[in-house]
Each structure stands twice: as structure tokens, then as C-alpha cells.
>>> print(open('start.csv').read())   # CSV, C-alpha atoms
chain,number,residue,atom,x,y,z
A,262,MET,CA,6.5,20.4,-46.4
A,263,ASP,CA,6.9,17.6,-49.0
A,264,THR,CA,4.8,14.5,-49.0
A,265,THR,CA,7.7,12.3,-47.9
A,266,SER,CA,8.2,14.3,-44.8
A,267,THR,CA,4.5,14.4,-44.1
A,268,ALA,CA,4.3,10.6,-44.4
A,269,GLU,CA,7.1,10.2,-41.8
A,270,ILE,CA,5.2,12.2,-39.2
A,271,ARG,CA,2.0,10.2,-39.2
A,272,HIS,CA,1.8,9.4,-35.5
A,273,PRO,CA,-0.2,10.8,-32.6
A,274,PHE,CA,2.7,12.1,-30.5
A,275,TRP,CA,4.0,15.5,-29.7
A,276,PRO,CA,5.8,17.5,-30.8
A,277,ARG,CA,4.1,17.0,-34.2
A,278,ASP,CA,7.4,17.1,-36.1
A,279,LEU,CA,8.8,14.3,-34.1
A,280,LEU,CA,10.3,11.7,-36.4
A,281,ILE,CA,9.5,8.0,-35.6
A,282,PRO,CA,10.1,6.3,-38.9
A,283,ASN,CA,9.4,2.7,-37.7
A,284,TYR,CA,6.2,3.6,-35.8
A,285,VAL,CA,3.2,1.2,-36.2
A,286,ALA,CA,-0.2,2.3,-35.0
A,287,ASN,CA,-1.9,0.3,-32.2
A,288,ASP,CA,-4.6,-2.1,-33.3
A,289,ARG,CA,-6.0,-2.1,-29.8
A,290,SER,CA,-8.3,0.7,-28.5
A,291,MET,CA,-7.6,3.0,-25.6
A,292,SER,CA,-10.5,1.3,-23.7
A,293,GLU,CA,-9.0,-2.2,-24.1
A,294,ILE,CA,-5.6,-1.0,-22.8
A,295,LEU,CA,-7.0,1.0,-19.8
A,296,VAL,CA,-9.4,-1.8,-18.9
A,297,PHE,CA,-6.4,-4.2,-18.8
A,298,LEU,CA,-4.3,-1.9,-16.7
A,299,PHE,CA,-6.9,-1.0,-14.1
A,300,SER,CA,-8.4,-4.5,-14.0
A,301,VAL,CA,-5.1,-6.2,-13.2
A,302,SER,CA,-4.2,-3.5,-10.8
A,303,GLY,CA,-7.6,-3.9,-9.2
A,304,VAL,CA,-7.0,-7.7,-8.8
A,305,PHE,CA,-3.7,-7.1,-7.1
A,306,LEU,CA,-5.4,-4.6,-4.8
A,307,ALA,CA,-8.3,-6.8,-4.0
A,308,VAL,CA,-6.3,-9.9,-3.4
A,309,THR,CA,-3.9,-8.1,-1.1
A,310,TRP,CA,-6.8,-6.5,0.8
A,311,LEU,CA,-8.3,-9.9,1.4
A,312,ILE,CA,-4.9,-11.3,2.5
A,313,THR,CA,-4.3,-8.5,4.9
A,314,GLY,CA,-7.6,-9.1,6.5
A,315,TRP,CA,-6.6,-12.6,7.6
A,316,LYS,CA,-5.7,-12.0,11.2
A,317,LYS,CA,-4.3,-15.5,11.7
A,318,THR,CA,-1.5,-14.7,9.3
A,319,THR,CA,-1.0,-11.0,9.6
A,320,GLY,CA,-2.1,-10.0,13.1
A,321,ARG,CA,-4.1,-6.8,13.5
A,322,LEU,CA,-3.5,-4.5,10.6
A,323,GLY,CA,-5.6,-1.3,10.5
A,324,THR,CA,-7.3,0.1,7.5
A,325,TRP,CA,-4.5,2.6,6.7
A,326,ARG,CA,-1.8,-0.2,7.0
A,327,ARG,CA,-3.8,-2.5,4.8
A,328,LEU,CA,-4.2,0.2,2.1
A,329,ALA,CA,-0.4,0.8,2.3
A,330,VAL,CA,0.3,-2.9,1.7
A,331,CYS,CA,-2.1,-2.9,-1.2
A,332,TRP,CA,-0.3,0.1,-2.7
A,333,PHE,CA,3.0,-1.8,-2.6
A,334,ALA,CA,1.4,-4.8,-4.2
A,335,VAL,CA,0.1,-2.7,-7.1
A,336,CYS,CA,3.5,-0.9,-7.3
A,337,GLY,CA,5.1,-4.4,-7.6
A,338,PHE,CA,3.0,-5.2,-10.6
A,339,ILE,CA,3.4,-1.8,-12.3
A,340,HIS,CA,7.2,-1.5,-11.7
A,341,GLY,CA,8.0,-5.2,-12.0
A,342,VAL,CA,5.9,-6.0,-15.1
A,343,ILE,CA,4.9,-2.9,-17.1
A,344,GLU,CA,7.9,-0.7,-16.5
A,345,ALA,CA,10.2,-3.7,-16.7
A,346,TRP,CA,8.8,-4.3,-20.2
A,347,PHE,CA,9.8,-0.8,-21.2
A,348,SER,CA,13.3,-1.2,-19.7
A,349,LEU,CA,13.8,-4.3,-21.8
A,350,TYR,CA,12.1,-3.4,-25.1
A,351,TYR,CA,12.3,0.4,-25.3
A,352,ASP,CA,14.2,0.3,-28.6
A,353,ILE,CA,11.5,-1.7,-30.4
A,354,ILE,CA,8.3,-0.5,-28.8
A,355,PRO,CA,7.3,2.0,-31.6
A,356,GLU,CA,7.0,-0.9,-34.1
A,357,ASP,CA,6.1,-3.7,-31.8
A,358,GLN,CA,2.5,-4.9,-31.5
A,359,SER,CA,2.7,-6.9,-28.2
A,360,PHE,CA,0.1,-5.8,-25.8
A,361,LEU,CA,2.5,-4.1,-23.3
A,362,SER,CA,4.2,-2.3,-26.1
A,363,GLN,CA,0.8,-1.0,-27.3
A,364,LEU,CA,0.1,0.1,-23.7
A,365,TRP,CA,3.3,2.1,-23.8
A,366,LYS,CA,2.4,3.6,-27.2
A,367,GLU,CA,-1.0,4.6,-25.7
A,368,TYR,CA,0.7,6.2,-22.7
A,369,SER,CA,3.2,8.0,-24.9
A,370,LYS,CA,0.4,10.2,-26.2
A,371,GLY,CA,0.9,11.9,-22.9
A,372,ASP,CA,4.7,11.7,-23.0
A,373,SER,CA,6.5,11.0,-26.2
A,374,ARG,CA,9.8,10.6,-24.6
A,375,TYR,CA,9.0,6.9,-24.3
A,376,MET,CA,8.8,6.6,-28.1
A,377,ILE,CA,12.2,8.1,-28.7
A,378,ALA,CA,14.0,6.1,-26.0
A,379,ASP,CA,14.9,9.3,-24.1
A,380,ASN,CA,18.0,8.7,-22.0
A,381,PHE,CA,16.3,9.9,-18.8
A,382,THR,CA,13.2,7.8,-19.2
A,383,VAL,CA,15.2,4.7,-20.0
A,384,CYS,CA,17.5,5.1,-17.0
A,385,MET,CA,14.7,6.1,-14.6
A,386,GLU,CA,12.4,3.2,-15.7
A,387,THR,CA,15.2,0.7,-15.5
A,388,VAL,CA,16.0,1.7,-11.9
A,389,THR,CA,12.3,1.7,-11.0
A,390,ALA,CA,11.7,-1.7,-12.6
A,391,TRP,CA,14.6,-3.6,-11.2
A,392,LEU,CA,14.8,-2.0,-7.8
A,393,TRP,CA,11.5,-0.7,-6.7
A,394,GLY,CA,9.5,-3.5,-8.3
A,395,PRO,CA,11.1,-6.4,-6.3
A,396,PHE,CA,11.4,-4.2,-3.3
A,397,SER,CA,7.7,-3.5,-3.4
A,398,PHE,CA,6.8,-7.2,-3.3
A,399,TRP,CA,9.4,-7.6,-0.6
A,400,ALA,CA,7.6,-4.9,1.4
A,401,VAL,CA,4.3,-6.7,1.0
A,402,PHE,CA,6.0,-9.9,2.4
A,403,ALA,CA,7.6,-7.9,5.2
A,404,PHE,CA,4.3,-6.4,6.4
A,405,LEU,CA,2.4,-9.7,6.0
A,406,THR,CA,5.0,-11.5,8.2
A,407,ASN,CA,5.6,-8.6,10.6
A,408,LYS,CA,9.3,-8.3,9.8
A,409,PRO,CA,11.1,-5.7,11.9
A,410,TYR,CA,12.6,-4.1,8.8
A,411,ARG,CA,9.3,-3.4,7.1
A,412,PHE,CA,9.3,0.4,7.7
A,413,VAL,CA,12.9,0.6,6.5
A,414,LEU,CA,11.7,-0.9,3.2
A,415,GLN,CA,8.7,1.4,3.2
A,416,LEU,CA,11.0,4.4,3.6
A,417,ILE,CA,13.6,3.3,1.0
A,418,ILE,CA,11.0,2.5,-1.7
A,419,SER,CA,9.0,5.7,-1.1
A,420,LEU,CA,12.1,7.9,-1.2
A,421,GLY,CA,13.1,6.2,-4.5
A,422,GLN,CA,9.7,6.6,-6.0
A,423,LEU,CA,9.4,10.3,-4.9
A,424,TYR,CA,12.8,11.1,-6.2
A,425,GLY,CA,12.1,9.5,-9.6
A,426,ALA,CA,8.7,11.2,-9.9
A,427,VAL,CA,10.1,14.6,-9.1
A,428,LEU,CA,12.8,14.3,-11.7
A,429,TYR,CA,10.3,13.0,-14.2
A,430,PHE,CA,8.2,16.1,-13.9
A,431,PHE,CA,11.1,18.5,-13.5
A,432,THR,CA,12.9,17.3,-16.6
A,433,GLU,CA,9.7,17.7,-18.7
A,434,HIS,CA,9.1,21.1,-17.2
A,435,ARG,CA,12.6,22.2,-18.3
A,436,ASP,CA,11.7,20.9,-21.8
A,437,GLY,CA,8.7,23.2,-21.8
A,438,TYR,CA,6.1,20.3,-21.8
A,439,THR,CA,6.8,19.7,-25.5
A,440,HIS,CA,6.2,15.9,-25.4
A,441,SER,CA,2.5,16.1,-24.8
A,442,GLU,CA,-0.5,18.1,-26.0
A,443,LEU,CA,-0.5,20.6,-23.2
A,444,GLY,CA,-3.8,20.9,-21.5
A,445,HIS,CA,-5.4,17.8,-23.1
A,446,PRO,CA,-7.8,16.3,-20.6
A,447,VAL,CA,-6.8,12.7,-21.1
A,448,TYR,CA,-3.2,12.7,-22.5
A,449,PHE,CA,-1.8,15.6,-20.4
A,450,TRP,CA,-3.9,15.8,-17.3
A,451,PHE,CA,-4.8,12.1,-16.8
A,452,TYR,CA,-1.8,10.2,-18.3
A,453,PHE,CA,1.0,12.6,-17.6
A,454,VAL,CA,-0.1,14.6,-14.5
A,455,PHE,CA,-2.5,12.5,-12.5
A,456,MET,CA,-1.0,9.0,-13.1
A,457,ASN,CA,2.4,10.2,-12.1
A,458,ALA,CA,1.4,12.5,-9.3
A,459,LEU,CA,0.3,9.4,-7.4
A,460,TRP,CA,4.0,8.6,-7.0
A,461,ILE,CA,4.5,11.9,-5.3
A,462,VAL,CA,1.5,12.2,-3.0
A,463,ILE,CA,1.4,8.6,-1.8
A,464,PRO,CA,5.1,8.2,-1.2
A,465,LEU,CA,5.2,11.5,0.7
A,466,LEU,CA,2.5,10.1,3.1
A,467,LEU,CA,4.4,6.8,3.5
A,468,ILE,CA,7.7,8.6,4.1
A,469,VAL,CA,6.0,10.6,7.0
A,470,ASP,CA,4.5,7.4,8.3
A,471,ALA,CA,7.8,5.5,8.2
A,472,TRP,CA,9.5,8.5,9.9
A,473,ARG,CA,7.0,8.4,12.7
A,474,GLN,CA,7.2,4.6,13.2
A,475,MET,CA,10.9,4.5,13.2
A,476,SER,CA,11.3,7.6,15.4
A,477,ALA,CA,8.9,6.0,17.9
A,478,ALA,CA,10.8,2.8,17.9
A,479,GLN,CA,14.1,4.6,18.4
A,480,ALA,CA,12.6,6.6,21.3
A,481,ARG,CA,11.5,3.4,23.0
A,482,THR,CA,15.0,2.0,22.6
A,483,ASP,CA,16.5,5.2,24.0
A,484,ASN,CA,14.2,5.1,27.0
A,485,THR,CA,15.0,1.5,27.7
A,486,LYS,CA,18.7,2.2,27.6
A,487,SER,CA,18.2,5.2,29.9
A,488,VAL,CA,16.3,3.1,32.4
A,489,LYS,CA,18.9,0.3,32.4
A,490,SER,CA,21.7,2.8,32.8
A,491,LYS,CA,20.0,4.4,35.9
A,492,ARG,CA,19.5,1.0,37.4
A,493,SER,CA,23.1,0.1,37.0
>>> encode(input="start.csv", output="C-alpha cells")
Amino acid sequence: MDTTSTAEIRHPFWPRDLLIPNYVANDRSMSEILVFLFSVSGVFLAVTWLITGWKKTTGRLGTWRRLAVCWFAVCGFIHGVIEAWFSLYYDIIPEDQSFLSQLWKEYSKGDSRYMIADNFTVCMETVTAWLWGPFSFWAVFAFLTNKPYRFVLQLIISLGQLYGAVLYFFTEHRDGYTHSELGHPVYFWFYFVFMNALWIVIPLLLIVDAWRQMSAAQARTDNTKSVKSKRS
């Protein structure tokens, strides 16, 4: 390989021959980026946890329900801010040095599809950002104000998240896991597998929960109608 080609491939992404001619390396460290991500997510979680504990405004929410509402608050931040950034600026992220662009460049070490504006990731992240982001905050509001449609929102959001995550993994599986260093403890197992598997495991639990809640409500409605019909 000549020196020109070698110079063009100076980036940390996989496959190693991926061409990103306008790439500019991050000037922020991995620790700075991860501390920001988990600190802000932690603030959303902590504030929501405190709010859900105020019985005067939310009634009696159990621990499981409070955790579910916290999950939606964190999802609102991740979908509505971080993923929305990608959906808006995906074409300039490789060269951009804004903090959120550097966050995506760091994450792309586990999935370089984000560096090449892969059609699936752009479409999936756009839907996630502009639908599930606002819907997640709406779900937080619905649970805090005891709206009757709160479990409908929970079901819709969780189904959308689950569907997107399954497609995310399945498309990369069909590509042979070529966009990450397969087996790397941080980039593959933590960034790619663990951080995305959360959007399979937790939505599955919330889908089952919403199913049970809505089925129980329908059963009560059916029983009420049955009693009324017998009386008449």
C-alpha cells in the first residue's frame, strides 16, 4: 500500500481499510466523554426518582414503577438530545469537534456505521430521536399525572425501541460484525453489545408490564359490562 492510501486510513475505526478522508481525531478523552454521558443520565435518573417520590403530586408509585419512569426520563435525554444530534449532523460528524460529535466518534469505535452515514443508522436514529424521544418525555408526564393512556404510551415506545434494537443488531450480524473490533472488551462488548442490549431487555420487561396492566383493565371493563347486562 502506498503512503497516500495509508494516510487516508489513519482513524480508529473498523474495518481498517474504511476510508474517511475528512476525519478529525477527538481532542477529548474517552473518560471525559463517558463521564459526561453517565453524569447527565444520572442527573435525569436522580431528579426523576425524587419527583416520583413526591406522593402529593404522583400518588403512590411503587419502586418498580418509579424505576420505569426514570428509564423513560433517561431515554428522553438520550433519544431527544444525543441521537437527535446524530440525525441532524451525521454528514459532518467525522470532521466536527463539537462535544456531541466527539461523543459519536468515540462510540463509533464500536460501530463505524455512524462514521459513514450508513442508511440504516441514519433512518433508525432519526425515527428514534424524533418519535421515541418526545414520546419518552410524554410518558414521564403521563405517569406523573396518572393519565389513563400512560400504559398505551409505555407499550408503543417499548415496541418501537425493541424493534429498532433488534434491527440494529441483526443488520450488523448480517454484515459479519465488520464495523467493530470483534471481541474488544470496551468497543465491542461494552459500546456495541451492552449499551444497545439495554434497549432489548428493558423494553421487553415494559412490554410485558403494559400487557398485564392493559389486560387487567380490559378484564375489569368486561366484567362491569357483564354485570350490567345481567341486571338489565
>>> residues_around(input="start.csv", residues="Pro464 (chain A)", least_positions_apart="5", cutoff="12 Å", atoms="only C-alpha atoms", output="PDB file with C-alpha atoms, in the frame of the given file")
ATOM      1  CA  ALA A 329      -0.400   0.800   2.300  1.00  0.00           C
ATOM      2  CA  TRP A 332      -0.300   0.100  -2.700  1.00  0.00           C
ATOM      3  CA  PHE A 333       3.000  -1.800  -2.600  1.00  0.00           C
ATOM      4  CA  CYS A 336       3.500  -0.900  -7.300  1.00  0.00           C
ATOM      5  CA  GLN A 415       8.700   1.400   3.200  1.00  0.00           C
ATOM      6  CA  LEU A 416      11.000   4.400   3.600  1.00  0.00           C
ATOM      7  CA  ILE A 417      13.600   3.300   1.000  1.00  0.00           C
ATOM      8  CA  ILE A 418      11.000   2.500  -1.700  1.00  0.00           C
ATOM      9  CA  SER A 419       9.000   5.700  -1.100  1.00  0.00           C
ATOM     10  CA  LEU A 420      12.100   7.900  -1.200  1.00  0.00           C
ATOM     11  CA  GLY A 421      13.100   6.200  -4.500  1.00  0.00           C
ATOM     12  CA  GLN A 422       9.700   6.600  -6.000  1.00  0.00           C
ATOM     13  CA  LEU A 423       9.400  10.300  -4.900  1.00  0.00           C
ATOM     14  CA  TYR A 424      12.800  11.100  -6.200  1.00  0.00           C
ATOM     15  CA  GLY A 425      12.100   9.500  -9.600  1.00  0.00           C
ATOM     16  CA  ALA A 426       8.700  11.200  -9.900  1.00  0.00           C
ATOM     17  CA  VAL A 427      10.100  14.600  -9.100  1.00  0.00           C
ATOM     18  CA  ASN A 457       2.400  10.200 -12.100  1.00  0.00           C
ATOM     19  CA  ALA A 458       1.400  12.500  -9.300  1.00  0.00           C
ATOM     20  CA  LEU A 459       0.300   9.400  -7.400  1.00  0.00           C
ATOM     21  CA  VAL A 469       6.000  10.600   7.000  1.00  0.00           C
ATOM     22  CA  ASP A 470       4.500   7.400   8.300  1.00  0.00           C
ATOM     23  CA  ALA A 471       7.800   5.500   8.200  1.00  0.00           C
ATOM     24  CA  TRP A 472       9.500   8.500   9.900  1.00  0.00           C
TER      25      TRP A 472
END
>>> atom_distance(input="start.csv", atom1="CA of Thr324 (chain A)", atom2="CA of Ile312 (chain A)")
12.7 Å
>>> residues_around(input="start.csv", residues="Tyr368 (chain A)", least_positions_apart="3", cutoff="12 Å", atoms="all atoms listed in the file", output="mmCIF file with C-alpha atoms, keeping the file's coordinate frame")
data_model
loop_
_atom_site.group_PDB
_atom_site.id
_atom_site.type_symbol
_atom_site.label_atom_id
_atom_site.label_comp_id
_atom_site.auth_asym_id
_atom_site.auth_seq_id
_atom_site.Cartn_x
_atom_site.Cartn_y
_atom_site.Cartn_z
ATOM 1 C CA PRO A 273 -0.200 10.800 -32.600
ATOM 2 C CA PHE A 274 2.700 12.100 -30.500
ATOM 3 C CA ASN A 287 -1.900 0.300 -32.200
ATOM 4 C CA MET A 291 -7.600 3.000 -25.600
ATOM 5 C CA ILE A 294 -5.600 -1.000 -22.800
ATOM 6 C CA LEU A 295 -7.000 1.000 -19.800
ATOM 7 C CA LEU A 298 -4.300 -1.900 -16.700
ATOM 8 C CA ILE A 343 4.900 -2.900 -17.100
ATOM 9 C CA GLU A 344 7.900 -0.700 -16.500
ATOM 10 C CA PHE A 347 9.800 -0.800 -21.200
ATOM 11 C CA ILE A 354 8.300 -0.500 -28.800
ATOM 12 C CA PRO A 355 7.300 2.000 -31.600
ATOM 13 C CA LEU A 361 2.500 -4.100 -23.300
ATOM 14 C CA SER A 362 4.200 -2.300 -26.100
ATOM 15 C CA GLN A 363 0.800 -1.000 -27.300
ATOM 16 C CA LEU A 364 0.100 0.100 -23.700
ATOM 17 C CA TRP A 365 3.300 2.100 -23.800
ATOM 18 C CA GLY A 371 0.900 11.900 -22.900
ATOM 19 C CA ASP A 372 4.700 11.700 -23.000
ATOM 20 C CA SER A 373 6.500 11.000 -26.200
ATOM 21 C CA ARG A 374 9.800 10.600 -24.600
ATOM 22 C CA TYR A 375 9.000 6.900 -24.300
ATOM 23 C CA MET A 376 8.800 6.600 -28.100
ATOM 24 C CA HIS A 440 6.200 15.900 -25.400
ATOM 25 C CA SER A 441 2.500 16.100 -24.800
ATOM 26 C CA VAL A 447 -6.800 12.700 -21.100
ATOM 27 C CA TYR A 448 -3.200 12.700 -22.500
ATOM 28 C CA PHE A 449 -1.800 15.600 -20.400
ATOM 29 C CA TRP A 450 -3.900 15.800 -17.300
ATOM 30 C CA PHE A 451 -4.800 12.100 -16.800
ATOM 31 C CA TYR A 452 -1.800 10.200 -18.300
ATOM 32 C CA PHE A 453 1.000 12.600 -17.600
ATOM 33 C CA VAL A 454 -0.100 14.600 -14.500
ATOM 34 C CA MET A 456 -1.000 9.000 -13.100
ATOM 35 C CA ASN A 457 2.400 10.200 -12.100
#
>>> closest_residue(input="start.csv", among="A:Met475, A:Gly323, A:Ala307, A:Arg481", to="Arg411 (chain A)", atoms="only C-alpha atoms")
A:Met475
>>> residues_around(input="start.csv", residues="region 398-406 of chain A", least_positions_apart="3", cutoff="8 Å", atoms="all atoms listed in the file", output="list in words")
Thr313, Thr318, Thr319, Val330, Cys331, Phe333, Ala334, Gly337, Gly394, Pro395, Pro409, Tyr410, Arg411, Leu414 and Gln415 of chain A
>>> closest_residue(input="start.csv", among="A:Ile461, A:Leu467, A:Ile281, A:Leu443", to="Phe430 (chain A)", atoms="only C-alpha atoms")
A:Ile461
>>> atom_distance(input="start.csv", atom1="CA of Phe299 (chain A)", atom2="CA of Phe338 (chain A)")
11.3 Å
>>> atom_distance(input="start.csv", atom1="CA of Ser369 (chain A)", atom2="CA of Ile339 (chain A)")
16.0 Å
>>> closest_residue(input="start.csv", among="A:Gln358, A:Ser348, A:Ser300, A:Thr382", to="Tyr284 (chain A)", atoms="all atoms listed in the file")
A:Gln358
>>> build_atoms(input="start.csv", residues="region 322-333 of chain A", atoms="all heavy atoms", output="compact mmCIF listing (two decimals), in the frame of the given file")
# COMPACT_ATOMS: atom_id res chain seq x y z
N LEU A 322 -3.93 -5.60 11.40
CA LEU A 322 -3.50 -4.50 10.60
C LEU A 322 -4.73 -3.55 10.41
O LEU A 322 -5.82 -3.98 10.04
CB LEU A 322 -3.09 -4.97 9.18
CG LEU A 322 -1.79 -5.78 9.10
CD1 LEU A 322 -1.52 -6.19 7.66
CD2 LEU A 322 -0.62 -4.99 9.64
N GLY A 323 -4.50 -2.26 10.70
CA GLY A 323 -5.60 -1.30 10.50
C GLY A 323 -5.84 -0.99 9.08
O GLY A 323 -5.11 -1.42 8.18
N THR A 324 -6.89 -0.23 8.84
CA THR A 324 -7.30 0.10 7.50
C THR A 324 -6.17 0.81 6.72
O THR A 324 -5.86 0.48 5.57
CB THR A 324 -8.56 0.96 7.47
OG1 THR A 324 -9.61 0.25 8.12
CG2 THR A 324 -8.97 1.31 6.05
N TRP A 325 -5.56 1.79 7.36
CA TRP A 325 -4.50 2.60 6.70
C TRP A 325 -3.32 1.64 6.34
O TRP A 325 -2.80 1.71 5.23
CB TRP A 325 -4.01 3.66 7.65
CG TRP A 325 -2.63 4.17 7.35
CD1 TRP A 325 -1.50 3.94 8.07
CD2 TRP A 325 -2.22 4.98 6.23
NE1 TRP A 325 -0.42 4.56 7.49
CE2 TRP A 325 -0.83 5.20 6.36
CE3 TRP A 325 -2.90 5.53 5.14
CZ2 TRP A 325 -0.11 5.94 5.44
CZ3 TRP A 325 -2.17 6.28 4.21
CH2 TRP A 325 -0.79 6.47 4.37
N ARG A 326 -2.94 0.74 7.26
CA ARG A 326 -1.80 -0.20 7.00
C ARG A 326 -2.16 -1.13 5.87
O ARG A 326 -1.32 -1.45 5.02
CB ARG A 326 -1.44 -0.93 8.26
CG ARG A 326 -0.13 -1.67 8.16
CD ARG A 326 1.04 -0.76 7.94
NE ARG A 326 1.10 0.27 8.97
CZ ARG A 326 1.56 1.49 8.75
NH1 ARG A 326 1.99 1.85 7.55
NH2 ARG A 326 1.58 2.38 9.73
N ARG A 327 -3.39 -1.61 5.85
CA ARG A 327 -3.80 -2.50 4.80
C ARG A 327 -3.76 -1.82 3.43
O ARG A 327 -3.34 -2.41 2.43
CB ARG A 327 -5.21 -3.06 5.06
CG ARG A 327 -5.30 -3.98 6.27
CD ARG A 327 -6.74 -4.37 6.57
NE ARG A 327 -7.26 -5.27 5.54
CZ ARG A 327 -8.53 -5.67 5.49
NH1 ARG A 327 -9.42 -5.22 6.38
NH2 ARG A 327 -8.93 -6.49 4.54
N LEU A 328 -4.20 -0.58 3.39
CA LEU A 328 -4.20 0.20 2.10
C LEU A 328 -2.71 0.41 1.68
O LEU A 328 -2.42 0.35 0.48
CB LEU A 328 -4.86 1.53 2.31
CG LEU A 328 -6.39 1.48 2.41
CD1 LEU A 328 -6.94 2.86 2.76
CD2 LEU A 328 -7.02 0.96 1.11
N ALA A 329 -1.82 0.65 2.64
CA ALA A 329 -0.40 0.80 2.30
C ALA A 329 0.18 -0.43 1.69
O ALA A 329 0.93 -0.38 0.70
CB ALA A 329 0.38 1.25 3.54
N VAL A 330 -0.16 -1.58 2.26
CA VAL A 330 0.30 -2.90 1.70
C VAL A 330 -0.25 -3.10 0.33
O VAL A 330 0.45 -3.57 -0.57
CB VAL A 330 -0.01 -4.02 2.68
CG1 VAL A 330 0.44 -5.35 2.08
CG2 VAL A 330 0.66 -3.81 4.04
N CYS A 331 -1.52 -2.76 0.14
CA CYS A 331 -2.10 -2.90 -1.20
C CYS A 331 -1.40 -2.00 -2.21
O CYS A 331 -1.19 -2.40 -3.36
CB CYS A 331 -3.61 -2.48 -1.13
SG CYS A 331 -4.67 -3.66 -0.27
N TRP A 332 -1.03 -0.81 -1.79
CA TRP A 332 -0.30 0.10 -2.70
C TRP A 332 1.01 -0.55 -3.12
O TRP A 332 1.36 -0.52 -4.30
CB TRP A 332 -0.01 1.40 -1.93
CG TRP A 332 1.07 2.25 -2.53
CD1 TRP A 332 2.34 2.43 -2.07
CD2 TRP A 332 0.97 3.08 -3.72
NE1 TRP A 332 3.05 3.28 -2.87
CE2 TRP A 332 2.23 3.70 -3.89
CE3 TRP A 332 -0.04 3.33 -4.62
CZ2 TRP A 332 2.49 4.56 -4.94
CZ3 TRP A 332 0.22 4.20 -5.69
CH2 TRP A 332 1.47 4.79 -5.83
N PHE A 333 1.74 -1.17 -2.19
CA PHE A 333 3.00 -1.80 -2.60
C PHE A 333 2.78 -2.99 -3.50
O PHE A 333 3.60 -3.25 -4.38
CB PHE A 333 3.77 -2.25 -1.31
CG PHE A 333 4.42 -1.11 -0.57
CD1 PHE A 333 4.11 -0.87 0.75
CD2 PHE A 333 5.32 -0.29 -1.20
CE1 PHE A 333 4.70 0.18 1.43
CE2 PHE A 333 5.93 0.76 -0.54
CZ PHE A 333 5.62 1.01 0.79
